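Q: Below is the structure I would like to discuss, written out as C-alpha cells.
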Amino acid sequence: MTVALKLTDMETALIDQLPQDAPLRAVLSEHGLPHRRVEEWKWTDLRTVVGKLPAEPGVLTFTISREPDAWAEQDEEPSLLMPRLASALGEDIQVYTLEDGERLELGLEASSGVSNQQVLVLVPEGVKAELVESYAVEPDGFANLTLVIVVMPGAELDRVIEQHASPDAALVVTSLIDLAPGAKLNQTTLGFGAKLARLETHVSHAGEGAELQLDGAYVLDEGLHLDQTSLVRHEGPNGVTKELFKGAAARGAKGVFQGKIHVEQAAQKTDAQMQHRGLLLDDKAEIDAKPELEIYADDVVCAHGNAFGALDEDALFYMRQRGLPESKARALLTQSFLAEPIERIRDEDDRERLLARLMVGLEALS
Amino acid sequence: MLVIENLQARVDAEDGDGRQILKGVSLKVPAGEVHAIMGPNGCGKSTLSYVLSGRDGYEITGGSMSFDGQDLAEMEPEERAAAGVFLSFQYPVEIPGVPTLTFIKEALNAQKRLRGEDEVPAPAFMKLAREAAAQLGISNDMLKRPVNVGFSGGEKKRMEIFQALMLQPKFLILDETDSGLDIDALKVVAEGVNALRNEERGMLVITHYQRLLDYLKPDVVHVMAAGRIQETGGPELAHKLEKEGYDKYAGEAA
C-alpha cells in the first residue's frame with residue numbers, strides 16, 4: 001500500500017508546467033522531489049527546502065564567453081529525476097562544441113523563482129580545452145541545471161567550477177559526463193554552499209587509458225549546506241580515477257560528501273583512489289560522508305579514505321610560538337588544509353584565482 | 001633576563017589528576033649568557049621548554065617565571081614570542097600549504113605589530129633571508145617549500161635556527177637541537193647559534209649530550225633530574241656527565 005504524497009506548492013507548480021502526457025508527471029506526483037528518505041538524498045532534503053521557496057518562474061542569466069554553437073531538443077530523456085526536470089522544463093539545450101585550446105566560460109546566475117536549464121558540451125577527439133563555470137542563486141531562487149559533457153577519445157578537458165555562497169536559495173547542478181577511451185578530465189570545484197546546494201557528478205569512464213581527476217574543496221559558513229555527490233563507473237580496463245575532496249564547515253553549516261566508484265567486471269587494471277577530509281571548525285558543525293567502492297573486477301588497485309578532524313593543535317602552537325595570533329594561525333592552517341585540491345588545478349591563473357577566493361571565503365567566516 | 005623560581009607544573013589529565021613533572025625548578029639566565037640544561041630522558045627538560053613558551057596541556061601549580069620582568073604565565077604564546085622568547089622545537093611541526101618564507105614573514109610582522117614596530121619591508125626581508133640561508137647552507141628551494149614539509153630531521157633543525165636568525169629573538173630555548181644531526185650538520189647549526197650570541201641575548205640549551213656544548217661553550221651547566229635542578233657548575237660539568245652518566249642522580253628520582 002502506498003500512502004498518497006501530499007504535494008508541496010512547488011511540486012504542484014512543477015507538475016502543472018509539464019505536458020499532460022509526460023511520464024514525469026506521474027513520477028513527481030507519486031514520489032515528489034528527492035527527500036531524506038531517498039537513500040541518495042538522505043543528507044540533502046531538497047523537497048523540504050524548496051517546498052518553502054516561491055514557485056513562480058525565475059530568470060537565468062548566462063554570462064558566456066561566446067554564443068552556443070546550437071540549440072537542440074532533447075532526443076533521449078535522462079534517467080535521473082533532476083536532469084529529467086531540467087530537460088522537460090528548461091529552454092532548448094545549449095550546445096557547445098569546444099575547439100582545441102579553447103577556454104569556455106559559463107557563468108550562471110539564477111534569480112528568485114524556479115529555473116531549469118540543460119547544457120551540452122562536446123569535446124571532440126584529440127581536442128584540449130577548458131571549461132570554467134560559476135554558479136550563483138539569488139535569495140528565494142531554486143535553480144536546477146544539468147550539464148551533459150562528452151569527452152571524446154584522446155580529448156582533454158580541464159573543468160573548474162566555482163559555486164558562490166547563495167543563502168536562502170537552492171541549487172542543484174547535475175553533471176552527466178562521458179569519458180571516452182584515452183580521454184582525460186580534470187575537474188575541480190570550489191563550493192561555498194547555499195541554503196541547499198547539491199553538485200552531483202556522474203562519470204561513465206571507458207578506461208583504455210582514460211584518466212579522471214575529480215577534486216573539490218568547500219568552505220561552509222553558518223546556515224549553508226553543500227552536498228558533493230559523485231558516481232564514477234569504470235566500464236573498461238586500464239582506467240585511472242583520482243578523487244580528492246576537502247572541506248571545512250563552521251557552526252551550523254553542513255557538508256555532505258558522497259562518493260562512489262563502481263568498477264565493472266570488464267574494468268580490469270583499474271586504478272581508483274578516493275579521499276575525503278573534513279574539517280569541523282566548531283562543535284556545532286556537521287559533515288556527513290559516505291565513500292563507497294563497488295568492485296566486480298578482480299585485478300584492480302582501489303582505495304578510499306575518509307577522515308574528520310579539527311585543526312592540528314601542535315601546528316597551532318608552533319605558529320603561535322613564532323608570533324602569529326591564534327586567529328591568524330587558524331585561518332592559515334585552514335587555508336593550507338583546504339588548498340590541496342585547488343593546488344592541483346593545472347591552469348595557473350585559475351589556480352591563483354580560486355586560492356584567492358578560498359582565502360576571502362575563510363576570512364569572511366562568521 | 002629569564003628568572004625561574006621554584007617552578008612547579010604538571011601535565012593536564014582528563015581526570016584532573018595529572019602527573020607532576022616540574023617539582024621546583026629554579027634558575028636565572030642573565031642577558032649575554034648561555035646556560036645548558038642536561039639530564040636523563042623524562043627528567044622534565046622538554047616540559048620546562050613548553051611551560052616557558054606557553055603550550056597548552058600544562059598546569060603551573062607553584063612558583064614563578066618571568067622574562068625581562070614580565071610574568072610569562074600571564075602571557076599568550078604569541079605575546080611571549082613578541083617579547084622575545086624563541087623555542088627551537090625538538091620536533092619541528094610540518095605545516096603543509098604554507099611556504100616557509102611566507103610563514104616567517106607573517107610571524108615577524110605579527111611580532112612587530114604586537115611590539116608596536118613598523119613591518120619589515122619586503123626587500124630588506126629578502127636580503128636577510130638570503131644571508132641567513134647562505135650561512136646555514138639552506139637552498140632557495142627549501143625556502144619555497146611549505147614549512148618543514150618533506151625535510152629530514154637535520155634539515156628541520158637547521159630551519160629552526162634559520163627562523164631564529166630571521167626573527168632575532170632576545171632569548172633562545174634550544175630543545176634537543178642536536179638530536180637527529182650528523183656531525184657536519186651539528187657544526188653548521190652550532191655556528192648559526194653562535195652567530196646569534198651577543199651581550200643582550202640569553203640562551204637555554206636543553207640537551208642530553210655534551211657534543212653540542214663542545215661547540216656552544218655554555219657559561220653555566222645545570223643538571224636536571226626528577227623535575228629539579230640537581231647541580232649547577234661550569235662547562236666541566238658537562239664533560240663529567242658525559243663520562244659518568246646520570247646514574248648518580250637516579251637516586252634523586254625516588
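In the C-alpha cells, chains take the letters A, B, ... in the order shown, each chain's residues start at 1, and ligands count up from 1 in the order shown.
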Within 10 Å of Tyr58 in chain B, counting only C-alpha atoms, which residues qualify if same-chain residues fewer than 3 places away don't, as a ChimeraX atom specification?
A: /B:9-13,18-21,47-48,50-51,54-55,61
Q: Per residue of chain B within 6 Å of chain A, which atom pair is closest and at what distance in Å (one decimal), using only C-alpha atoms, listed by chain and increasing number, as a Markdown table?
A:
| residue | atom | partner | partner_atom | distance |
| --- | --- | --- | --- | --- |
| B:Pro77 | CA | A:Gln321 | CA | 5.4 |
| B:Glu78 | CA | A:Gly323 | CA | 4.3 |
| B:Ala81 | CA | A:Gly323 | CA | 5.1 |
| B:Ala82 | CA | A:Gly323 | CA | 5.9 |
| B:Val93 | CA | A:Ala315 | CA | 5.9 |
| B:Gly97 | CA | A:Ser336 | CA | 4.3 |
| B:Ala107 | CA | A:Gly323 | CA | 5.1 |
| B:Ala110 | CA | A:Leu324 | CA | 5.7 |
| B:Gln111 | CA | A:Gly323 | CA | 5.2 |
Q: Put those residues in a file: C-alpha atoms, as a PDB file, in the first residue's frame.
A:
ATOM      1  CA  PRO B  77      52.286  32.127  23.432  1.00  0.00           C
ATOM      2  CA  GLU B  78      52.348  34.828  20.716  1.00  0.00           C
ATOM      3  CA  ALA B  81      57.202  35.305  21.193  1.00  0.00           C
ATOM      4  CA  ALA B  82      56.818  39.039  20.636  1.00  0.00           C
ATOM      5  CA  VAL B  93      55.982  20.762  13.092  1.00  0.00           C
ATOM      6  CA  GLY B  97      50.440  24.569   2.259  1.00  0.00           C
ATOM      7  CA  ALA B 107      55.406  35.746  12.026  1.00  0.00           C
ATOM      8  CA  ALA B 110      52.939  39.835  13.645  1.00  0.00           C
ATOM      9  CA  GLN B 111      55.611  40.168  16.339  1.00  0.00           C
TER      10      GLN B 111
END
Q: Neighbouring residues of Ile64 in chain A were defined as those with any atom within 8 Å, considering only C-alpha atoms; residues of the same chain fewer than 5 positions away were excluded. Please report them as a PDB file with N, CA and C atoms, in the first residue's frame.
A:
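Written output follows (around-v1.pdb):
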ATOM      1  N   LEU A 104      36.162  27.963 -22.461  1.00  0.00           N
ATOM      2  CA  LEU A 104      34.764  28.393 -22.446  1.00  0.00           C
ATOM      3  C   LEU A 104      34.376  28.778 -21.037  1.00  0.00           C
ATOM      4  N   GLU A 105      33.911  30.017 -20.889  1.00  0.00           N
ATOM      5  CA  GLU A 105      33.464  30.477 -19.579  1.00  0.00           C
ATOM      6  C   GLU A 105      31.952  30.496 -19.553  1.00  0.00           C
ATOM      7  N   LEU A 106      31.424  29.904 -18.520  1.00  0.00           N
ATOM      8  CA  LEU A 106      29.983  29.730 -18.433  1.00  0.00           C
ATOM      9  C   LEU A 106      29.557  30.184 -17.041  1.00  0.00           C
ATOM     10  N   GLY A 107      29.070  31.414 -16.964  1.00  0.00           N
ATOM     11  CA  GLY A 107      28.620  31.934 -15.674  1.00  0.00           C
ATOM     12  C   GLY A 107      27.106  31.906 -15.621  1.00  0.00           C
TER      13      GLY A 107
END
Q: If we count only C-alpha atoms, what is near Gln187 in chain A at a cut-off of 12 Å, once residues fewer than 2 positions away on the same chain are taken out, given as a compact mmCIF listing (two decimals) with all heavy atoms, in the first residue's frame?
A:
# COMPACT_ATOMS: atom_id res chain seq x y z
N GLU A 130 39.30 24.02 -22.00
CA GLU A 130 38.96 24.33 -20.62
C GLU A 130 37.51 24.76 -20.53
O GLU A 130 37.01 25.47 -21.41
CB GLU A 130 39.80 25.51 -20.14
CG GLU A 130 41.11 25.19 -19.50
CD GLU A 130 41.76 26.48 -19.03
OE1 GLU A 130 41.44 26.90 -17.91
OE2 GLU A 130 42.51 27.09 -19.82
N LEU A 131 36.88 24.40 -19.44
CA LEU A 131 35.51 24.82 -19.17
C LEU A 131 35.50 25.42 -17.77
O LEU A 131 35.83 24.75 -16.80
CB LEU A 131 34.57 23.61 -19.26
CG LEU A 131 33.11 23.85 -18.90
CD1 LEU A 131 32.47 24.87 -19.81
CD2 LEU A 131 32.34 22.52 -18.96
N VAL A 132 35.17 26.70 -17.70
CA VAL A 132 35.20 27.41 -16.41
C VAL A 132 33.79 27.86 -16.08
O VAL A 132 33.20 28.65 -16.80
CB VAL A 132 36.15 28.63 -16.48
CG1 VAL A 132 36.20 29.35 -15.15
CG2 VAL A 132 37.55 28.17 -16.89
N GLU A 133 33.25 27.31 -15.00
CA GLU A 133 31.85 27.60 -14.66
C GLU A 133 31.75 28.36 -13.35
O GLU A 133 32.58 28.21 -12.47
CB GLU A 133 31.08 26.27 -14.50
CG GLU A 133 30.98 25.46 -15.77
CD GLU A 133 30.84 23.98 -15.47
OE1 GLU A 133 29.88 23.60 -14.79
OE2 GLU A 133 31.71 23.21 -15.90
N ILE A 149 28.35 16.38 -20.57
CA ILE A 149 29.68 16.65 -21.11
C ILE A 149 30.21 15.37 -21.73
O ILE A 149 30.21 14.31 -21.10
CB ILE A 149 30.63 17.12 -19.99
CG1 ILE A 149 30.10 18.43 -19.37
CG2 ILE A 149 32.05 17.31 -20.52
CD1 ILE A 149 30.87 18.91 -18.17
N GLU A 156 41.04 16.18 -23.99
CA GLU A 156 41.33 16.54 -22.60
C GLU A 156 40.51 17.76 -22.21
O GLU A 156 40.51 18.76 -22.93
CB GLU A 156 42.81 16.93 -22.44
CG GLU A 156 43.73 15.74 -22.32
CD GLU A 156 45.18 16.17 -22.08
OE1 GLU A 156 45.40 17.23 -21.43
OE2 GLU A 156 46.07 15.45 -22.54
N LEU A 157 39.86 17.67 -21.08
CA LEU A 157 39.09 18.81 -20.59
C LEU A 157 39.51 19.12 -19.16
O LEU A 157 39.54 18.25 -18.29
CB LEU A 157 37.59 18.49 -20.63
CG LEU A 157 36.68 19.64 -20.13
CD1 LEU A 157 36.76 20.84 -21.06
CD2 LEU A 157 35.24 19.16 -19.99
N ASP A 158 39.85 20.39 -18.92
CA ASP A 158 40.06 20.88 -17.56
C ASP A 158 38.82 21.67 -17.18
O ASP A 158 38.49 22.66 -17.84
CB ASP A 158 41.29 21.81 -17.49
CG ASP A 158 42.58 21.02 -17.46
OD1 ASP A 158 42.52 19.77 -17.54
OD2 ASP A 158 43.65 21.64 -17.37
N ARG A 159 38.15 21.23 -16.15
CA ARG A 159 36.89 21.87 -15.76
C ARG A 159 37.05 22.46 -14.36
O ARG A 159 37.42 21.78 -13.41
CB ARG A 159 35.79 20.81 -15.76
CG ARG A 159 34.41 21.36 -15.48
CD ARG A 159 33.37 20.24 -15.48
NE ARG A 159 32.04 20.80 -15.29
CZ ARG A 159 31.02 20.17 -14.72
NH1 ARG A 159 31.18 18.92 -14.29
NH2 ARG A 159 29.86 20.75 -14.57
N VAL A 160 36.77 23.75 -14.24
CA VAL A 160 36.91 24.46 -12.96
C VAL A 160 35.57 25.10 -12.62
O VAL A 160 35.01 25.85 -13.42
CB VAL A 160 38.01 25.55 -13.06
CG1 VAL A 160 38.08 26.36 -11.77
CG2 VAL A 160 39.36 24.92 -13.36
N ILE A 161 35.07 24.78 -11.46
CA ILE A 161 33.73 25.23 -11.08
C ILE A 161 33.78 26.03 -9.78
O ILE A 161 34.36 25.57 -8.80
CB ILE A 161 32.79 24.02 -10.86
CG1 ILE A 161 32.78 23.13 -12.10
CG2 ILE A 161 31.39 24.48 -10.47
CD1 ILE A 161 32.41 21.70 -11.81
N GLU A 162 33.19 27.19 -9.81
CA GLU A 162 33.07 27.95 -8.57
C GLU A 162 31.59 28.11 -8.25
O GLU A 162 30.82 28.60 -9.06
CB GLU A 162 33.73 29.31 -8.68
CG GLU A 162 33.72 30.05 -7.36
CD GLU A 162 34.39 31.42 -7.43
OE1 GLU A 162 34.94 31.77 -8.49
OE2 GLU A 162 34.32 32.13 -6.42
N SER A 175 25.96 16.89 -13.33
CA SER A 175 26.84 16.74 -14.49
C SER A 175 26.84 15.28 -14.91
O SER A 175 27.12 14.40 -14.10
CB SER A 175 28.26 17.17 -14.13
OG SER A 175 28.28 18.50 -13.68
N ILE A 177 28.67 12.93 -17.37
CA ILE A 177 29.90 13.01 -18.16
C ILE A 177 30.23 11.66 -18.77
O ILE A 177 30.18 10.63 -18.11
CB ILE A 177 31.07 13.47 -17.27
CG1 ILE A 177 30.74 14.84 -16.65
CG2 ILE A 177 32.37 13.55 -18.05
CD1 ILE A 177 31.73 15.32 -15.62
N LYS A 184 40.84 12.54 -21.08
CA LYS A 184 41.21 13.00 -19.74
C LYS A 184 40.28 14.10 -19.29
O LYS A 184 39.95 15.00 -20.05
CB LYS A 184 42.65 13.55 -19.72
CG LYS A 184 43.68 12.46 -19.79
CD LYS A 184 45.09 13.01 -19.64
CE LYS A 184 46.07 11.86 -19.78
NZ LYS A 184 47.34 12.26 -20.36
N LEU A 185 39.90 14.03 -18.02
CA LEU A 185 39.11 15.10 -17.43
C LEU A 185 39.71 15.44 -16.06
O LEU A 185 39.87 14.56 -15.21
CB LEU A 185 37.65 14.67 -17.25
CG LEU A 185 36.77 15.63 -16.43
CD1 LEU A 185 36.60 16.97 -17.12
CD2 LEU A 185 35.42 15.01 -16.12
N THR A 189 36.21 21.67 -8.08
CA THR A 189 35.11 22.52 -7.63
C THR A 189 35.51 23.25 -6.36
O THR A 189 36.10 22.67 -5.47
CB THR A 189 33.88 21.65 -7.30
OG1 THR A 189 33.56 20.85 -8.42
CG2 THR A 189 32.69 22.53 -6.95
N LEU A 190 35.19 24.54 -6.32
CA LEU A 190 35.29 25.26 -5.05
C LEU A 190 33.88 25.71 -4.71
O LEU A 190 33.26 26.48 -5.44
CB LEU A 190 36.22 26.47 -5.17
CG LEU A 190 36.29 27.36 -3.93
CD1 LEU A 190 36.80 26.60 -2.71
CD2 LEU A 190 37.18 28.58 -4.19
N THR A 201 27.89 14.65 -9.72
CA THR A 201 28.68 14.34 -10.92
C THR A 201 28.63 12.84 -11.21
O THR A 201 28.94 12.04 -10.33
CB THR A 201 30.15 14.76 -10.71
OG1 THR A 201 30.17 16.14 -10.33
CG2 THR A 201 30.97 14.57 -11.98
N HIS A 202 28.22 12.51 -12.41
CA HIS A 202 28.24 11.11 -12.84
C HIS A 202 29.22 10.98 -13.99
O HIS A 202 29.15 11.75 -14.94
CB HIS A 202 26.85 10.68 -13.32
CG HIS A 202 25.83 10.66 -12.23
ND1 HIS A 202 25.29 9.51 -11.71
CD2 HIS A 202 25.26 11.68 -11.53
CE1 HIS A 202 24.44 9.81 -10.75
NE2 HIS A 202 24.39 11.12 -10.62
N VAL A 203 30.10 10.01 -13.90
CA VAL A 203 31.07 9.82 -14.97
C VAL A 203 31.00 8.37 -15.45
O VAL A 203 31.15 7.44 -14.66
CB VAL A 203 32.51 10.12 -14.50
CG1 VAL A 203 33.50 9.94 -15.65
CG2 VAL A 203 32.61 11.54 -13.94
N GLU A 211 41.70 9.00 -18.06
CA GLU A 211 42.06 9.41 -16.71
C GLU A 211 41.10 10.48 -16.21
O GLU A 211 40.81 11.44 -16.91
CB GLU A 211 43.49 9.98 -16.68
CG GLU A 211 44.55 8.93 -16.94
CD GLU A 211 45.95 9.53 -16.96
OE1 GLU A 211 46.12 10.69 -16.52
OE2 GLU A 211 46.86 8.83 -17.45
N LEU A 212 40.67 10.28 -14.98
CA LEU A 212 39.76 11.25 -14.36
C LEU A 212 40.38 11.75 -13.08
O LEU A 212 40.83 10.99 -12.23
CB LEU A 212 38.43 10.55 -14.03
CG LEU A 212 37.47 11.35 -13.14
CD1 LEU A 212 36.96 12.59 -13.85
CD2 LEU A 212 36.31 10.47 -12.70
N GLN A 213 40.41 13.07 -12.95
CA GLN A 213 40.76 13.67 -11.67
C GLN A 213 39.56 14.47 -11.22
O GLN A 213 39.12 15.39 -11.91
CB GLN A 213 41.99 14.56 -11.81
CG GLN A 213 42.46 15.12 -10.49
CD GLN A 213 43.81 15.81 -10.62
OE1 GLN A 213 44.77 15.22 -11.11
NE2 GLN A 213 43.86 17.05 -10.22
N LEU A 214 39.02 14.10 -10.08
CA LEU A 214 37.77 14.70 -9.61
C LEU A 214 38.05 15.26 -8.22
O LEU A 214 38.18 14.50 -7.26
CB LEU A 214 36.71 13.59 -9.56
CG LEU A 214 35.26 13.99 -9.35
CD1 LEU A 214 34.78 14.89 -10.46
CD2 LEU A 214 34.39 12.73 -9.31
N ASP A 215 38.17 16.58 -8.14
CA ASP A 215 38.58 17.20 -6.89
C ASP A 215 37.57 18.26 -6.45
O ASP A 215 36.84 18.81 -7.27
CB ASP A 215 39.94 17.92 -7.06
CG ASP A 215 41.07 16.94 -7.36
OD1 ASP A 215 40.90 15.74 -7.07
OD2 ASP A 215 42.11 17.39 -7.86
N GLY A 216 37.59 18.55 -5.18
CA GLY A 216 36.72 19.62 -4.71
C GLY A 216 37.15 20.12 -3.35
O GLY A 216 37.71 19.38 -2.54
N ALA A 217 36.90 21.40 -3.12
CA ALA A 217 37.11 21.99 -1.80
C ALA A 217 35.85 22.76 -1.45
O ALA A 217 35.17 23.26 -2.34
CB ALA A 217 38.32 22.93 -1.81
N SER A 230 29.15 12.06 -6.08
CA SER A 230 29.68 11.63 -7.37
C SER A 230 29.55 10.12 -7.52
O SER A 230 29.60 9.37 -6.54
CB SER A 230 31.14 12.04 -7.52
OG SER A 230 31.93 11.40 -6.54
N THR A 241 41.24 6.84 -11.88
CA THR A 241 40.44 7.87 -11.23
C THR A 241 41.13 8.30 -9.95
O THR A 241 41.50 7.46 -9.13
CB THR A 241 39.03 7.33 -10.88
OG1 THR A 241 38.32 7.10 -12.08
CG2 THR A 241 38.25 8.35 -10.04
N LYS A 242 41.32 9.61 -9.80
CA LYS A 242 41.87 10.16 -8.55
C LYS A 242 40.88 11.20 -8.04
O LYS A 242 40.58 12.16 -8.74
CB LYS A 242 43.21 10.86 -8.80
CG LYS A 242 44.24 10.03 -9.54
CD LYS A 242 45.03 9.14 -8.61
CE LYS A 242 46.07 8.35 -9.38
NZ LYS A 242 46.33 7.03 -8.80
N GLU A 243 40.41 10.98 -6.84
CA GLU A 243 39.47 11.94 -6.25
C GLU A 243 40.03 12.48 -4.95
O GLU A 243 40.48 11.72 -4.11
CB GLU A 243 38.13 11.26 -5.94
CG GLU A 243 37.32 10.89 -7.13
CD GLU A 243 35.92 10.42 -6.73
OE1 GLU A 243 35.31 11.02 -5.83
OE2 GLU A 243 35.46 9.43 -7.31
N LEU A 244 39.98 13.79 -4.81
CA LEU A 244 40.39 14.41 -3.54
C LEU A 244 39.42 15.52 -3.19
O LEU A 244 39.30 16.51 -3.91
CB LEU A 244 41.81 14.98 -3.65
CG LEU A 244 42.31 15.71 -2.40
CD1 LEU A 244 42.44 14.77 -1.22
CD2 LEU A 244 43.64 16.41 -2.67
N PHE A 245 38.73 15.36 -2.10
CA PHE A 245 37.80 16.39 -1.62
C PHE A 245 38.18 16.79 -0.22
O PHE A 245 38.44 15.94 0.63
CB PHE A 245 36.35 15.85 -1.63
CG PHE A 245 35.76 15.78 -3.00
CD1 PHE A 245 36.01 14.70 -3.81
CD2 PHE A 245 34.96 16.80 -3.48
CE1 PHE A 245 35.49 14.63 -5.09
CE2 PHE A 245 34.42 16.75 -4.76
CZ PHE A 245 34.69 15.65 -5.57
N PRO A 341 43.33 20.44 -2.92
CA PRO A 341 42.63 20.15 -4.19
C PRO A 341 42.75 21.30 -5.19
O PRO A 341 42.89 21.06 -6.39
CB PRO A 341 41.16 19.97 -3.77
CG PRO A 341 41.19 19.74 -2.30
CD PRO A 341 42.40 20.43 -1.77
N ILE A 342 42.72 22.53 -4.68
CA ILE A 342 42.80 23.70 -5.57
C ILE A 342 44.18 23.77 -6.22
O ILE A 342 44.31 24.14 -7.39
CB ILE A 342 42.53 25.01 -4.79
CG1 ILE A 342 41.22 24.92 -4.02
CG2 ILE A 342 42.55 26.21 -5.71
CD1 ILE A 342 40.00 24.82 -4.86
N ARG A 344 45.89 21.52 -7.26
CA ARG A 344 46.03 20.55 -8.36
C ARG A 344 45.47 21.09 -9.67
O ARG A 344 45.59 20.42 -10.71
CB ARG A 344 45.35 19.23 -7.98
CG ARG A 344 46.18 18.49 -6.94
CD ARG A 344 45.48 17.44 -6.10
NE ARG A 344 44.58 16.52 -6.72
CZ ARG A 344 44.61 15.19 -6.50
NH1 ARG A 344 45.54 14.65 -5.75
NH2 ARG A 344 43.69 14.41 -7.03
N ILE A 345 44.86 22.28 -9.64
CA ILE A 345 44.37 22.88 -10.89
C ILE A 345 45.57 23.19 -11.77
O ILE A 345 46.54 23.78 -11.30
CB ILE A 345 43.56 24.17 -10.60
CG1 ILE A 345 42.30 23.82 -9.83
CG2 ILE A 345 43.23 24.91 -11.90
CD1 ILE A 345 41.50 25.04 -9.41
N ARG A 346 45.51 22.80 -13.02
CA ARG A 346 46.69 22.93 -13.87
C ARG A 346 46.92 24.35 -14.37
O ARG A 346 48.05 24.80 -14.51
CB ARG A 346 46.59 21.96 -15.06
CG ARG A 346 46.64 20.50 -14.60
CD ARG A 346 46.98 19.58 -15.72
NE ARG A 346 46.00 19.63 -16.81
CZ ARG A 346 46.08 18.90 -17.90
NH1 ARG A 346 47.10 18.09 -18.07
NH2 ARG A 346 45.17 18.98 -18.83
N ASP A 347 45.83 25.06 -14.67
CA ASP A 347 45.97 26.41 -15.19
C ASP A 347 46.32 27.36 -14.05
O ASP A 347 45.59 27.47 -13.06
CB ASP A 347 44.67 26.86 -15.85
CG ASP A 347 44.81 28.25 -16.45
OD1 ASP A 347 45.30 28.35 -17.58
OD2 ASP A 347 44.45 29.22 -15.76
Q: Report the residues of range 46-285 of chain A whose backbone DSSP state falls under strand (DSSP E or B), written as a count of residues only.
A: 146
Q: Might you pull out every residue within 8 Å of range 143-147 of chain A, with only C-alpha atoms counted and same-chain residues fewer than 2 positions away left off, and present them as a list in words?
A: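 Returned residues: Met82, Pro83, Leu85, Ala86, Ser87, Ala110, Val114, Ser115, Asn116, Gln117, Gln118, Val119, Leu120, Val121, Val137, Gly141, Ile149, Ala170, Leu171, Val172, Val173, Thr174, Ser175 and Leu176 of chain A.
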Q: Can you tell me, as a PyMOL selection string, what residues are no more than 8 Å from Met224 in chain B when counting only C-alpha atoms, ignoring any on the same chain fewer than 6 positions away?
A: chain B and resi 37-40+43-45+230-231
Q: Between CA of Gly24 in chain B and CA of Arg211 in chain B, what is the distance in Å, rounded to a tenth?
A: 27.7 Å
Q: Quick one: everything within 7 Å of Ala55 in chain A, counting only C-alpha atoms, minus sequence neighbours fewer than 2 positions away in the same chain. Send it as a PyMOL selection string.
A: chain A and resi 9-10+13+53+57+113-114
Q: Please, which residues of range 145-358 of chain A, numbered as in this document, come out alpha helix (DSSP H) from DSSP, as JSON, numbers by chain?
A: {"A": [313, 314, 315, 316, 317, 318, 319, 320, 321, 326, 327, 328, 329, 330, 331, 332, 333, 334, 335, 336, 337, 338, 339, 340, 341, 342, 343, 348, 349, 350, 351, 352, 353, 354, 355, 356, 357, 358]}
Q: CA of Leu87 in chain B to CA of Ile173 in chain B: how many Å, to one decimal?
A: 4.7 Å
